[in-house]
$ cat final.cif   # mmCIF, C-alpha atoms and all ligand atoms
data_model
loop_
_atom_site.label_atom_id
_atom_site.label_comp_id
_atom_site.auth_asym_id
_atom_site.auth_seq_id
_atom_site.Cartn_x
_atom_site.Cartn_y
_atom_site.Cartn_z
CA MET A 1 31.29 -21.35 10.01
CA ALA A 2 29.21 -18.24 10.64
CA LYS A 3 25.55 -19.03 10.92
CA ILE A 4 22.59 -16.67 10.71
CA LYS A 5 19.98 -17.05 13.42
CA GLY A 6 16.81 -15.09 13.66
CA ALA A 7 13.82 -14.56 15.89
CA VAL A 8 10.64 -12.55 15.73
CA VAL A 9 8.43 -10.97 18.35
CA VAL A 10 4.79 -10.60 17.36
CA ASP A 11 2.70 -7.94 19.05
CA SER A 12 0.01 -10.50 19.78
CA GLU A 13 -2.58 -7.92 20.82
CA GLU A 14 -2.16 -5.94 17.57
CA CYS A 15 -2.10 -9.05 15.35
CA LYS A 16 -5.29 -9.67 13.38
CA GLY A 17 -4.50 -13.29 12.49
CA CYS A 18 -4.58 -12.64 8.73
CA ASN A 19 -2.05 -15.43 8.14
CA LEU A 20 -0.09 -13.49 5.50
CA CYS A 21 3.14 -13.70 7.53
CA VAL A 22 2.71 -17.45 7.87
CA VAL A 23 2.41 -17.78 4.08
CA ALA A 24 5.39 -15.47 3.44
CA CYS A 25 7.79 -17.27 5.81
CA PRO A 26 10.23 -19.43 3.82
CA THR A 27 11.16 -21.59 6.82
CA GLN A 28 7.74 -22.48 8.27
CA THR A 29 8.66 -20.75 11.50
CA LEU A 30 5.31 -19.11 12.04
CA SER A 31 1.85 -20.41 12.72
CA LEU A 32 -1.43 -19.03 14.01
CA ASN A 33 -1.94 -19.74 17.68
CA ARG A 34 -4.85 -21.91 18.80
CA ASN A 35 -5.54 -19.29 21.45
CA VAL A 36 -7.04 -15.92 20.57
CA ASN A 37 -6.05 -12.41 21.62
CA GLY A 38 -8.29 -9.77 23.19
CA LYS A 39 -9.80 -8.99 19.79
CA GLY A 40 -10.63 -12.63 19.17
CA TYR A 41 -7.94 -13.24 16.56
CA ASN A 42 -5.71 -16.29 16.41
CA PHE A 43 -2.43 -14.43 16.60
CA SER A 44 0.78 -15.37 14.82
CA TYR A 45 3.66 -16.84 16.83
CA MET A 46 6.91 -18.76 16.33
CA GLU A 47 5.87 -22.37 16.32
CA ASN A 48 9.36 -23.45 15.22
CA PRO A 49 11.68 -20.79 16.65
CA ASP A 50 14.80 -22.75 15.75
CA SER A 51 14.16 -22.40 12.04
CA CYS A 52 13.91 -18.58 11.87
CA ILE A 53 16.63 -16.97 9.75
CA GLY A 54 15.63 -13.37 10.42
CA CYS A 55 14.87 -12.66 6.75
CA SER A 56 12.05 -10.16 7.55
CA ASN A 57 9.68 -11.55 4.92
CA CYS A 58 6.96 -11.81 7.55
CA SER A 59 7.29 -8.22 8.68
CA LEU A 60 7.37 -6.92 5.10
CA VAL A 61 3.92 -8.32 4.29
CA CYS A 62 2.28 -7.65 7.67
CA PRO A 63 -0.41 -4.98 7.15
CA ASP A 64 -0.48 -4.12 10.84
CA SER A 65 3.26 -3.78 11.44
CA CYS A 66 3.13 -6.11 14.42
CA ILE A 67 6.32 -8.08 13.81
CA THR A 68 9.77 -7.10 15.07
CA VAL A 69 12.58 -9.14 13.52
CA TYR A 70 15.94 -9.87 15.15
CA ARG A 71 19.01 -11.42 13.54
CA VAL A 72 22.43 -12.46 14.75
CA LYS A 73 25.49 -14.06 13.22
CA THR A 74 26.82 -16.86 15.40
CA ALA A 75 30.30 -18.27 15.06
CA MET B 1 3.69 -22.73 22.50
CA ALA B 2 7.45 -22.83 22.50
CA GLU B 3 9.05 -21.32 25.56
CA ILE B 4 11.44 -18.42 25.29
CA THR B 5 14.68 -20.29 25.58
CA GLU B 6 18.06 -18.91 26.62
CA ALA B 7 19.17 -19.02 22.97
CA LEU B 8 16.22 -16.90 21.92
CA LYS B 9 16.85 -14.40 24.68
CA ASN B 10 20.31 -13.85 23.22
CA ILE B 11 18.83 -13.01 19.82
CA ILE B 12 15.92 -10.86 21.02
CA LYS B 13 17.93 -7.80 21.99
CA PRO B 14 17.51 -4.21 20.75
CA GLU B 15 20.90 -4.24 19.00
CA ASN B 16 19.83 -7.20 16.84
CA ILE B 17 16.67 -5.61 15.42
CA VAL B 18 16.58 -5.75 11.61
CA SER B 19 12.95 -4.80 11.08
CA GLN B 20 10.36 -3.07 13.24
CA LYS B 21 7.30 -0.87 13.05
CA SER B 22 8.07 2.47 11.41
CA SER B 23 8.40 5.41 13.78
CA VAL B 24 6.30 7.46 11.32
CA LEU B 25 3.27 5.25 12.04
CA THR B 26 1.13 6.22 15.03
CA ASN B 27 0.19 3.80 17.81
CA GLN B 28 -3.41 3.64 16.67
CA THR B 29 -4.70 0.23 15.65
CA MET B 30 -5.71 0.42 12.00
CA HIS B 31 -9.42 -0.16 11.44
CA TYR B 32 -8.78 -2.19 8.29
CA CYS B 33 -9.94 -5.80 7.94
CA PRO B 34 -7.27 -8.45 8.65
CA GLY B 35 -4.96 -8.78 5.65
CA CYS B 36 -6.10 -5.58 3.89
CA SER B 37 -3.56 -4.13 1.43
CA HIS B 38 -4.14 -0.59 2.73
CA GLY B 39 -2.12 -1.38 5.88
CA VAL B 40 0.91 -2.54 3.89
CA ILE B 41 0.78 0.53 1.63
CA HIS B 42 0.51 2.89 4.63
CA LYS B 43 3.54 1.20 6.14
CA ILE B 44 5.56 1.61 2.94
CA ILE B 45 4.72 5.33 2.71
CA ALA B 46 5.68 5.79 6.37
CA GLU B 47 9.01 4.03 5.81
CA VAL B 48 9.83 6.15 2.75
CA ILE B 49 9.01 9.35 4.67
CA ASN B 50 11.23 8.16 7.50
CA GLU B 51 14.13 7.21 5.23
CA MET B 52 13.98 10.54 3.38
CA GLU B 53 13.68 12.39 6.71
CA ILE B 54 10.73 14.42 5.46
CA GLN B 55 8.20 13.79 8.22
CA GLU B 56 7.93 17.51 8.98
CA ASP B 57 7.67 18.42 5.30
CA THR B 58 5.11 15.95 3.99
CA ILE B 59 1.41 16.69 3.59
CA GLY B 60 -0.97 13.88 2.72
CA VAL B 61 -4.48 14.15 1.33
CA ALA B 62 -6.82 11.39 2.51
CA PRO B 63 -9.74 10.21 0.38
CA VAL B 64 -13.23 8.93 0.99
CA GLY B 65 -13.18 5.16 1.04
CA CYS B 66 -11.79 2.63 3.48
CA SER B 67 -8.62 4.71 3.78
CA VAL B 68 -10.58 7.78 4.92
CA PHE B 69 -8.81 7.55 8.29
CA ALA B 70 -5.30 7.36 6.82
CA TYR B 71 -4.57 10.56 8.75
CA ASN B 72 -4.89 8.63 11.99
CA TYR B 73 -2.10 6.24 11.07
CA ILE B 74 0.72 8.11 9.32
CA ASP B 75 2.13 10.74 11.63
CA ILE B 76 2.39 13.72 9.27
CA ASP B 77 0.20 16.70 8.32
CA TRP B 78 -2.96 15.77 6.44
CA GLN B 79 -6.08 17.14 4.91
CA GLU B 80 -9.23 15.17 4.26
CA ALA B 81 -10.78 15.65 0.83
CA ALA B 82 -14.37 15.26 -0.28
CA HIS B 83 -14.96 12.09 -2.30
CA GLY B 84 -12.69 12.07 -5.36
CA ARG B 85 -11.36 15.59 -4.81
CA ALA B 86 -7.96 14.72 -3.34
CA PRO B 87 -6.02 15.79 -6.47
CA ALA B 88 -7.74 19.21 -6.41
CA LEU B 89 -6.93 19.68 -2.74
CA GLY B 90 -3.40 18.40 -3.37
CA THR B 91 -3.04 21.00 -6.11
CA ALA B 92 -3.95 23.81 -3.74
CA ILE B 93 -1.67 22.55 -0.98
CA ASN B 94 1.21 22.14 -3.39
CA ARG B 95 0.81 25.60 -4.89
CA LEU B 96 0.63 27.26 -1.50
CA ASN B 97 3.54 25.19 -0.16
CA PRO B 98 5.73 24.46 -3.17
CA ASP B 99 8.59 23.21 -1.02
CA LYS B 100 6.57 20.53 0.77
CA PHE B 101 6.14 16.93 -0.29
CA VAL B 102 2.49 16.53 -1.20
CA PHE B 103 0.82 13.22 -1.89
CA THR B 104 -2.72 12.01 -2.42
CA TYR B 105 -3.92 8.56 -1.38
CA GLN B 106 -7.03 7.26 -3.14
CA GLY B 107 -8.99 4.11 -3.86
CA ASP B 108 -10.31 3.15 -7.28
CA GLY B 109 -13.84 4.35 -6.58
CA ASP B 110 -12.46 7.67 -5.37
CA LEU B 111 -9.83 8.18 -8.08
CA ALA B 112 -11.31 6.44 -11.12
CA ALA B 113 -15.06 6.99 -10.64
CA ILE B 114 -16.32 10.04 -8.78
CA GLY B 115 -12.97 11.85 -8.98
CA THR B 116 -12.02 11.10 -12.58
CA ALA B 117 -12.10 14.76 -13.61
CA GLU B 118 -9.90 15.88 -10.72
CA THR B 119 -7.48 13.02 -11.34
CA LEU B 120 -7.14 13.64 -15.04
CA HIS B 121 -6.72 17.40 -14.84
CA ALA B 122 -4.25 17.29 -11.95
CA VAL B 123 -2.02 14.94 -13.93
CA ASN B 124 -2.56 16.93 -17.11
CA ARG B 125 -1.41 20.07 -15.29
CA GLY B 126 1.63 18.14 -14.13
CA GLU B 127 1.01 19.05 -10.50
CA ASN B 128 4.22 18.44 -8.63
CA MET B 129 2.92 15.76 -6.29
CA VAL B 130 2.73 12.02 -5.72
CA MET B 131 -0.54 10.22 -6.35
CA VAL B 132 -0.97 6.79 -4.75
CA PHE B 133 -3.79 4.79 -6.31
CA VAL B 134 -5.01 1.71 -4.45
CA ASN B 135 -6.84 -0.41 -7.01
CA ASN B 136 -8.72 -3.21 -5.28
CA GLY B 137 -11.29 -3.44 -8.07
CA ILE B 138 -14.25 -2.63 -5.86
CA TYR B 139 -15.86 -0.08 -3.54
CA GLY B 140 -14.55 -1.62 -0.33
CA MET B 141 -15.96 0.82 2.19
CA THR B 142 -19.58 0.78 1.10
CA GLY B 143 -19.93 -2.99 0.88
CA GLY B 144 -18.23 -4.17 -2.28
CA GLN B 145 -20.08 -2.55 -5.19
CA MET B 146 -18.69 -2.59 -8.75
CA ALA B 147 -16.04 0.03 -9.49
CA PRO B 148 -14.85 1.17 -12.93
CA THR B 149 -11.84 -1.13 -12.36
CA THR B 150 -13.89 -4.27 -11.59
CA MET B 151 -12.85 -7.16 -13.85
CA GLN B 152 -15.13 -8.58 -16.54
CA GLY B 153 -17.12 -11.40 -14.94
CA GLN B 154 -16.26 -10.31 -11.39
CA VAL B 155 -19.09 -10.82 -8.93
CA THR B 156 -19.75 -7.81 -6.70
CA ALA B 157 -22.69 -6.57 -4.64
CA THR B 158 -24.03 -4.70 -7.69
CA THR B 159 -23.00 -7.29 -10.32
CA PRO B 160 -24.33 -10.51 -8.78
CA TYR B 161 -24.00 -12.30 -12.15
CA GLY B 162 -20.54 -10.87 -12.79
CA ARG B 163 -19.57 -7.67 -14.59
CA ASN B 164 -21.07 -7.70 -18.06
CA ILE B 165 -19.29 -5.38 -20.47
CA ASP B 166 -22.36 -4.84 -22.65
CA LEU B 167 -24.28 -3.71 -19.59
CA HIS B 168 -21.61 -2.16 -17.35
CA GLY B 169 -18.88 -1.03 -19.72
CA TYR B 170 -15.24 -2.01 -19.87
CA PRO B 171 -12.87 -2.21 -16.90
CA LEU B 172 -10.99 1.10 -16.89
CA LYS B 173 -7.20 1.12 -17.18
CA ILE B 174 -6.94 4.64 -15.89
CA THR B 175 -3.23 4.33 -15.19
CA GLU B 176 -2.42 3.68 -18.86
CA MET B 177 -4.70 6.58 -19.73
CA LEU B 178 -2.91 8.96 -17.36
CA ALA B 179 0.48 7.91 -18.69
CA GLN B 180 -0.49 9.54 -22.01
CA LEU B 181 -0.79 12.96 -20.38
CA PRO B 182 2.11 15.41 -20.77
CA GLY B 183 2.13 16.33 -17.07
CA ALA B 184 2.98 12.83 -15.85
CA CYS B 185 6.67 12.13 -15.27
CA TYR B 186 6.49 8.72 -13.62
CA VAL B 187 3.65 6.23 -13.92
CA THR B 188 4.01 2.75 -12.51
CA ARG B 189 1.88 -0.18 -11.38
CA GLN B 190 2.97 -2.27 -8.41
CA SER B 191 1.54 -4.67 -5.80
CA VAL B 192 2.20 -5.73 -2.20
CA GLU B 193 1.29 -9.42 -1.99
CA THR B 194 4.82 -10.82 -1.53
CA PRO B 195 7.97 -9.59 0.22
CA ALA B 196 9.57 -8.95 -3.21
CA ALA B 197 6.53 -6.96 -4.36
CA VAL B 198 6.59 -4.89 -1.14
CA ARG B 199 10.25 -4.04 -1.78
CA LYS B 200 9.51 -2.99 -5.36
CA THR B 201 6.56 -0.84 -4.34
CA LYS B 202 8.72 0.83 -1.75
CA LYS B 203 11.31 1.65 -4.42
CA ALA B 204 8.58 3.06 -6.66
CA ILE B 205 7.11 5.25 -3.91
CA ARG B 206 10.59 6.43 -2.95
CA LYS B 207 11.27 7.37 -6.55
CA ALA B 208 7.94 9.21 -6.74
CA PHE B 209 8.80 11.30 -3.66
CA GLU B 210 12.31 11.98 -5.02
CA ASN B 211 10.70 13.28 -8.22
CA THR B 212 8.80 15.83 -6.13
CA LYS B 213 12.12 17.24 -5.00
CA LYS B 214 13.22 17.62 -8.63
CA LYS B 215 9.86 19.20 -9.59
CA GLN B 216 9.43 16.81 -12.49
CA GLY B 217 5.62 16.75 -12.69
CA THR B 218 3.14 14.22 -11.39
CA SER B 219 4.30 10.82 -10.15
CA PHE B 220 1.54 8.24 -10.17
CA VAL B 221 1.86 4.91 -8.37
CA GLU B 222 -0.94 2.37 -8.76
CA VAL B 223 -0.89 -0.51 -6.31
CA VAL B 224 -3.00 -3.46 -7.45
CA SER B 225 -4.55 -4.53 -4.16
CA THR B 226 -6.99 -6.86 -2.49
CA CYS B 227 -10.20 -6.22 -0.59
CA ASN B 228 -10.66 -9.65 0.94
CA SER B 229 -13.86 -8.67 2.77
CA GLY B 230 -15.48 -7.27 -0.33
CA TRP B 231 -14.26 -10.17 -2.46
CA LYS B 232 -15.46 -12.62 0.20
CA MET B 233 -12.21 -14.60 0.27
CA SER B 234 -9.43 -15.12 2.79
CA PRO B 235 -6.46 -12.72 2.56
CA GLU B 236 -4.30 -15.49 1.10
CA ALA B 237 -6.95 -16.56 -1.44
CA SER B 238 -7.41 -12.89 -2.36
CA ASN B 239 -3.72 -12.55 -3.16
CA ASN B 240 -3.92 -15.62 -5.37
CA TRP B 241 -7.07 -14.36 -7.07
CA MET B 242 -5.43 -11.00 -7.72
CA ARG B 243 -2.35 -12.66 -9.19
CA ASP B 244 -4.38 -14.99 -11.44
CA ASN B 245 -7.09 -12.58 -12.53
CA MET B 246 -5.92 -8.99 -12.15
CA PHE B 247 -2.24 -9.11 -13.09
CA PRO B 248 -2.86 -10.28 -16.70
CA PHE B 249 -5.16 -7.27 -17.23
CA TYR B 250 -3.34 -4.82 -14.95
CA PRO B 251 0.29 -5.80 -15.62
CA ILE B 252 2.89 -4.89 -13.00
CA GLY B 253 5.73 -2.57 -14.01
CA ASP B 254 6.66 0.96 -15.07
CA ILE B 255 4.51 2.54 -17.77
CA LYS B 256 6.32 5.88 -18.01
CA ASP B 257 9.58 7.08 -16.51
CA GLY B 258 10.90 10.49 -17.48
CA GLU B 259 9.86 14.10 -17.18
CA LYS B 260 6.77 16.10 -17.95
CA VAL B 261 6.67 17.52 -21.48
CA ASN B 262 8.66 20.74 -21.82
CA ALA B 263 6.34 23.61 -22.78
CA ASN B 264 8.93 24.80 -25.32
CA ASP B 265 8.45 21.56 -27.24
CA LEU B 266 4.80 22.38 -27.87
CA PRO B 267 3.37 24.89 -30.35
CA ASN B 268 2.89 28.30 -28.70
CA VAL B 269 0.71 30.54 -30.78
CA GLY B 270 1.44 33.54 -28.56
CA LYS B 271 5.09 33.68 -29.62
C1 LIG C 1 -20.22 12.23 -2.48
C2 LIG C 1 -20.23 10.82 -1.99
N1 LIG C 1 -20.74 9.85 -2.78
C3 LIG C 1 -20.73 8.57 -2.36
C4 LIG C 1 -20.22 8.24 -1.16
C5 LIG C 1 -20.25 6.79 -0.69
N2 LIG C 1 -18.92 6.17 -0.79
C6 LIG C 1 -18.11 6.10 0.27
S1 LIG C 1 -16.68 5.29 -0.05
C7 LIG C 1 -17.16 4.99 -1.65
C8 LIG C 1 -16.31 4.21 -2.59
C9 LIG C 1 -14.98 3.83 -2.06
O1 LIG C 1 -14.33 2.98 -2.92
P1 LIG C 1 -12.78 3.10 -3.19
O2 LIG C 1 -12.42 4.48 -3.51
O3 LIG C 1 -12.42 2.06 -4.21
O4 LIG C 1 -12.11 2.80 -1.78
P2 LIG C 1 -11.90 1.41 -1.00
O5 LIG C 1 -12.88 1.47 0.13
O6 LIG C 1 -12.16 0.28 -1.95
O7 LIG C 1 -10.48 1.46 -0.55
C10 LIG C 1 -18.42 5.53 -1.89
C11 LIG C 1 -19.12 5.42 -3.18
C12 LIG C 1 -19.68 9.28 -0.35
N3 LIG C 1 -19.14 9.02 0.85
N4 LIG C 1 -19.70 10.56 -0.80
S1 LIG C 2 12.11 -13.53 9.83
FE1 LIG C 2 11.95 -14.85 8.01
S2 LIG C 2 12.33 -16.91 8.78
FE2 LIG C 2 11.89 -15.65 10.59
S3 LIG C 2 9.70 -15.88 10.91
FE3 LIG C 2 9.94 -14.07 9.62
S4 LIG C 2 9.75 -14.85 7.53
FE4 LIG C 2 10.12 -16.62 8.87
S1 LIG C 3 0.74 -10.67 8.99
FE1 LIG C 3 0.67 -9.43 10.87
S2 LIG C 3 -1.51 -9.26 11.38
FE2 LIG C 3 -1.32 -10.90 9.88
S3 LIG C 3 -1.14 -12.77 11.13
FE3 LIG C 3 0.93 -12.09 10.71
S4 LIG C 3 1.50 -10.79 12.44
FE4 LIG C 3 -0.73 -11.04 12.49
S1 LIG C 4 -13.48 -3.59 3.21
FE1 LIG C 4 -11.81 -4.18 1.85
S2 LIG C 4 -10.59 -2.30 1.49
FE2 LIG C 4 -11.92 -1.97 3.28
S3 LIG C 4 -10.64 -2.50 5.06
FE3 LIG C 4 -11.83 -4.33 4.52
S4 LIG C 4 -10.47 -5.46 3.13
FE4 LIG C 4 -9.68 -3.38 3.26
MG MG C 5 -11.58 0.24 -3.97
#
$ encode --input "final.cif" --output "structure tokens"
Amino acid sequence: MAKIKGAVVVDSEECKGCNLCVVACPTQTLSLNRNVNGKGYNFSYMENPDSCIGCSNCSLVCPDSCITVYRVKTA
Amino acid sequence: MAEITEALKNIIKPENIVSQKSSVLTNQTMHYCPGCSHGVIHKIIAEVINEMEIQEDTIGVAPVGCSVFAYNYIDIDWQEAAHGRAPALGTAINRLNPDKFVFTYQGDGDLAAIGTAETLHAVNRGENMVMVFVNNGIYGMTGGQMAPTTMQGQVTATTPYGRNIDLHGYPLKITEMLAQLPGACYVTRQSVETPAAVRKTKKAIRKAFENTKKKQGTSFVEVVSTCNSGWKMSPEASNNWMRDNMFPFYPIGDIKDGEKVNANDLPNVGK
């Protein structure tokens, strides 16, 4: 059965840690990092990369356009 | 932090990209507070310009307000208007360059307070342009003072006990007001707090720009927004507050969808 797998790459230096992507993610993939970036923000990252389905919800709501979303169909 | 596994490496390849930063946005970091709606709305406008392939033909007019630097972020031609005067400047640009796509971008203080006259008369003339109205219910830039759009009871820097209608007047539904004017062809109210809302706002802004091509009159898109700094809430709490308190008063959806009134349908005493 074909399965959809996704992944995101967050531009962690551009991220302002607003948390809106974390709230918008339907699969609890994202979380704010305990570490901070150069601006002092707890940046978003994939805490549970296995659960990402590449739906792009996170990137749609990100005000700073720092999320790139990838998606593949696996056999 | 999870390591980049082999499986992930196979997904994270250029050919598998389904969503990325719009090429019509510049590389400048936006000065907006974390979670500010302005960033999402800029992104949507950039994506629409990219999809319509009109980057070379679009002229924006930036306001005074937090979005005063919009010209640094969307990579098109811009002019910067004096406070509230964007629709007047947009009028001039549009009349000198009738084949360009002209849009104004304004906050509620800019559009519905100091610039009310310019707003109303531009729409009443049916200027062939798009007007984007970011209603966050407050003067964000200057520290969160009451705006005409502030909700009854809302605490702001200038209404520490909440907006009192007897004292401060009624919250202004300027979008409903503008929809009554013959020059407006498309008037809608949208929001950007969820992925579904972002998609709908993008459709609305796309439609507004398409109307420009058809020279239908003024297309007016309000986006009910948050100013989490001014409201003194987290971005997430601001979205919830907006949904609970602003949407019942500023309902989301189209208010008018058609064409400007045909002059031949009005009395003409010169004929
Ligand atoms: C002529 C003039 N009057 C007043 C100001 C001060 N001022 C700057 S921004 C602003 C209000 C901005 O509010 P809004 O349009 O809602 O934009 P926001 O920052 O909320 O996006 C005011 C009153 C000014 N810059 N120029
Ligand atoms: S693409 Fe979808 S599933 Fe993956 S992190 Fe973003 S919101 Fe979550
Ligand atoms: S929405 Fe964007 S800026 Fe906000 S935390 Fe997520 S990646 Fe960072
Ligand atoms: S003050 Fe309000 S409107 Fe201005 S950038 Fe901050 S959140 Fe956005
Ligand atoms: Mg405002």
$ interface_residues --input "final.cif" --of "chain A" --to "chain B" --cutoff "6 Å" --atoms "all atoms listed in the file" --output "PDB file with C-alpha atoms, in the coordinates of the input"
ATOM      1  CA  LYS A  16      -5.290  -9.670  13.380  1.00  0.00           C
ATOM      2  CA  CYS A  18      -4.580 -12.640   8.730  1.00  0.00           C
ATOM      3  CA  ASN A  57       9.680 -11.550   4.920  1.00  0.00           C
ATOM      4  CA  LEU A  60       7.370  -6.920   5.100  1.00  0.00           C
ATOM      5  CA  VAL A  61       3.920  -8.320   4.290  1.00  0.00           C
ATOM      6  CA  PRO A  63      -0.410  -4.980   7.150  1.00  0.00           C
ATOM      7  CA  ASP A  64      -0.480  -4.120  10.840  1.00  0.00           C
ATOM      8  CA  SER A  65       3.260  -3.780  11.440  1.00  0.00           C
ATOM      9  CA  THR A  68       9.770  -7.100  15.070  1.00  0.00           C
ATOM     10  CA  VAL A  69      12.580  -9.140  13.520  1.00  0.00           C
ATOM     11  CA  TYR A  70      15.940  -9.870  15.150  1.00  0.00           C
ATOM     12  CA  ARG A  71      19.010 -11.420  13.540  1.00  0.00           C
TER      13      ARG A  71
END
$ residues_near_ligand --input "final.cif" --ligand "ligand MG 5 (chain C)" --cutoff "6 Å" --atoms "only C-alpha atoms and all ligand atoms" --output "list in words"
Gly107, Asp108, Gly109, Asn135, Asn136, Gly137, Ile138, Tyr139 and Gly140 of chain B
$ closest_residue --input "final.cif" --among "A:Cys15, A:Gly38, A:Asn48, A:Cys25" --to "ligand LIG 2 (chain C)" --atoms "all atoms listed in the file"
A:Cys25
$ residues_near_ligand --input "final.cif" --ligand "ligand LIG 1 (chain C)" --cutoff "9 Å" --atoms "all atoms listed in the file" --output "PyMOL selection string"
chain B and resi 38+63-68+82-84+106-114+134-145+147+149+226-227+230
$ axis_aligned_box --input "final.cif" --around "ligand LIG 3 (chain C)" --padding-each-side "8 Å" --output "lines of an AutoDock Vina configuration file"
center_x = 0.0
center_y = -11.0
center_z = 10.7
size_x = 19.0
size_y = 19.5
size_z = 19.5
$ residues_around --input "final.cif" --residues "stretch 254-258 of chain B" --least-positions-apart "5" --cutoff "7 Å" --atoms "all atoms listed in the file" --output "mmCIF file with C-alpha atoms, keeping the file's coordinate frame"
data_model
loop_
_atom_site.group_PDB
_atom_site.id
_atom_site.type_symbol
_atom_site.label_atom_id
_atom_site.label_comp_id
_atom_site.auth_asym_id
_atom_site.auth_seq_id
_atom_site.Cartn_x
_atom_site.Cartn_y
_atom_site.Cartn_z
ATOM 1 C CA ALA B 179 0.480 7.910 -18.690
ATOM 2 C CA CYS B 185 6.670 12.130 -15.270
ATOM 3 C CA TYR B 186 6.490 8.720 -13.620
ATOM 4 C CA VAL B 187 3.650 6.230 -13.920
ATOM 5 C CA THR B 188 4.010 2.750 -12.510
ATOM 6 C CA ARG B 189 1.880 -0.180 -11.380
#
$ residues_around --input "final.cif" --residues "A:Arg34" --least-positions-apart "3" --cutoff "12 Å" --atoms "all atoms listed in the file" --output "list in words"
Gly17, Ser31, Asn37, Gly40, Tyr41, Asn42, Phe43, Ser44, Tyr45 and Glu47 of chain A; Met1 of chain B
$ write_last_selection --input "final.cif" --atoms "C-alpha atoms" --output "compact mmCIF listing (two decimals), in the frame of the given file"
# COMPACT_ATOMS: atom_id res chain seq x y z
CA GLY A 17 -4.50 -13.29 12.49
CA SER A 31 1.85 -20.41 12.72
CA ASN A 37 -6.05 -12.41 21.62
CA GLY A 40 -10.63 -12.63 19.17
CA TYR A 41 -7.94 -13.24 16.56
CA ASN A 42 -5.71 -16.29 16.41
CA PHE A 43 -2.43 -14.43 16.60
CA SER A 44 0.78 -15.37 14.82
CA TYR A 45 3.66 -16.84 16.83
CA GLU A 47 5.87 -22.37 16.32
CA MET B 1 3.69 -22.73 22.50
$ residues_near_ligand --input "final.cif" --ligand "ligand LIG 2 (chain C)" --cutoff "8 Å" --atoms "all atoms listed in the file" --output "list in words"
Gly6, Ala7, Val8, Cys21, Val22, Ala24, Cys25, Pro26, Thr27, Gln28, Thr29, Leu30, Met46, Pro49, Ser51, Cys52, Ile53, Gly54, Cys55, Ser56, Asn57, Cys58, Ser59, Val69 and Tyr70 of chain A
$ write_last_selection --input "final.cif" --atoms "C-alpha atoms" --output "PDB file, keeping the file's coordinate frame"
ATOM      1  CA  GLY A   6      16.810 -15.090  13.660  1.00  0.00           C
ATOM      2  CA  ALA A   7      13.820 -14.560  15.890  1.00  0.00           C
ATOM      3  CA  VAL A   8      10.640 -12.550  15.730  1.00  0.00           C
ATOM      4  CA  CYS A  21       3.140 -13.700   7.530  1.00  0.00           C
ATOM      5  CA  VAL A  22       2.710 -17.450   7.870  1.00  0.00           C
ATOM      6  CA  ALA A  24       5.390 -15.470   3.440  1.00  0.00           C
ATOM      7  CA  CYS A  25       7.790 -17.270   5.810  1.00  0.00           C
ATOM      8  CA  PRO A  26      10.230 -19.430   3.820  1.00  0.00           C
ATOM      9  CA  THR A  27      11.160 -21.590   6.820  1.00  0.00           C
ATOM     10  CA  GLN A  28       7.740 -22.480   8.270  1.00  0.00           C
ATOM     11  CA  THR A  29       8.660 -20.750  11.500  1.00  0.00           C
ATOM     12  CA  LEU A  30       5.310 -19.110  12.040  1.00  0.00           C
ATOM     13  CA  MET A  46       6.910 -18.760  16.330  1.00  0.00           C
ATOM     14  CA  PRO A  49      11.680 -20.790  16.650  1.00  0.00           C
ATOM     15  CA  SER A  51      14.160 -22.400  12.040  1.00  0.00           C
ATOM     16  CA  CYS A  52      13.910 -18.580  11.870  1.00  0.00           C
ATOM     17  CA  ILE A  53      16.630 -16.970   9.750  1.00  0.00           C
ATOM     18  CA  GLY A  54      15.630 -13.370  10.420  1.00  0.00           C
ATOM     19  CA  CYS A  55      14.870 -12.660   6.750  1.00  0.00           C
ATOM     20  CA  SER A  56      12.050 -10.160   7.550  1.00  0.00           C
ATOM     21  CA  ASN A  57       9.680 -11.550   4.920  1.00  0.00           C
ATOM     22  CA  CYS A  58       6.960 -11.810   7.550  1.00  0.00           C
ATOM     23  CA  SER A  59       7.290  -8.220   8.680  1.00  0.00           C
ATOM     24  CA  VAL A  69      12.580  -9.140  13.520  1.00  0.00           C
ATOM     25  CA  TYR A  70      15.940  -9.870  15.150  1.00  0.00           C
TER      26      TYR A  70
END
$ atom_distance --input "final.cif" --atom1 "atom CA of B:Asn268" --atom2 "atom CA of B:Asn124"
17.1 Å
$ closest_residue --input "final.cif" --among "B:Val224, B:Val130, B:Ile252, B:Ala81" --to "ligand LIG 4 (chain C)" --atoms "all atoms listed in the file"
B:Val224
$ atom_distance --input "final.cif" --atom1 "atom CA of B:Arg243" --atom2 "atom CA of B:Thr104"
25.6 Å
$ closest_residue --input "final.cif" --among "B:Leu181, B:Ile76, B:Leu167, B:Ala70" --to "ligand LIG 4 (chain C)" --atoms "only C-alpha atoms and all ligand atoms"
B:Ala70
$ decode --input "final.cif" --residues "stretch 53-64 of chain A" --atoms "C-alpha atoms" --output "compact mmCIF listing (two decimals), in the first residue's frame"
# COMPACT_ATOMS: atom_id res chain seq x y z
CA ILE A 53 2.73 13.47 6.71
CA GLY A 54 3.92 16.48 4.71
CA CYS A 55 0.53 18.22 4.86
CA SER A 56 2.06 21.75 4.89
CA ASN A 57 -0.25 23.03 7.64
CA CYS A 58 2.77 24.28 9.56
CA SER A 59 4.18 26.24 6.65
CA LEU A 60 0.79 27.75 5.79
CA VAL A 61 0.46 29.44 9.18
CA CYS A 62 4.12 30.41 9.66
CA PRO A 63 4.35 34.22 9.54
CA ASP A 64 8.06 34.12 8.79
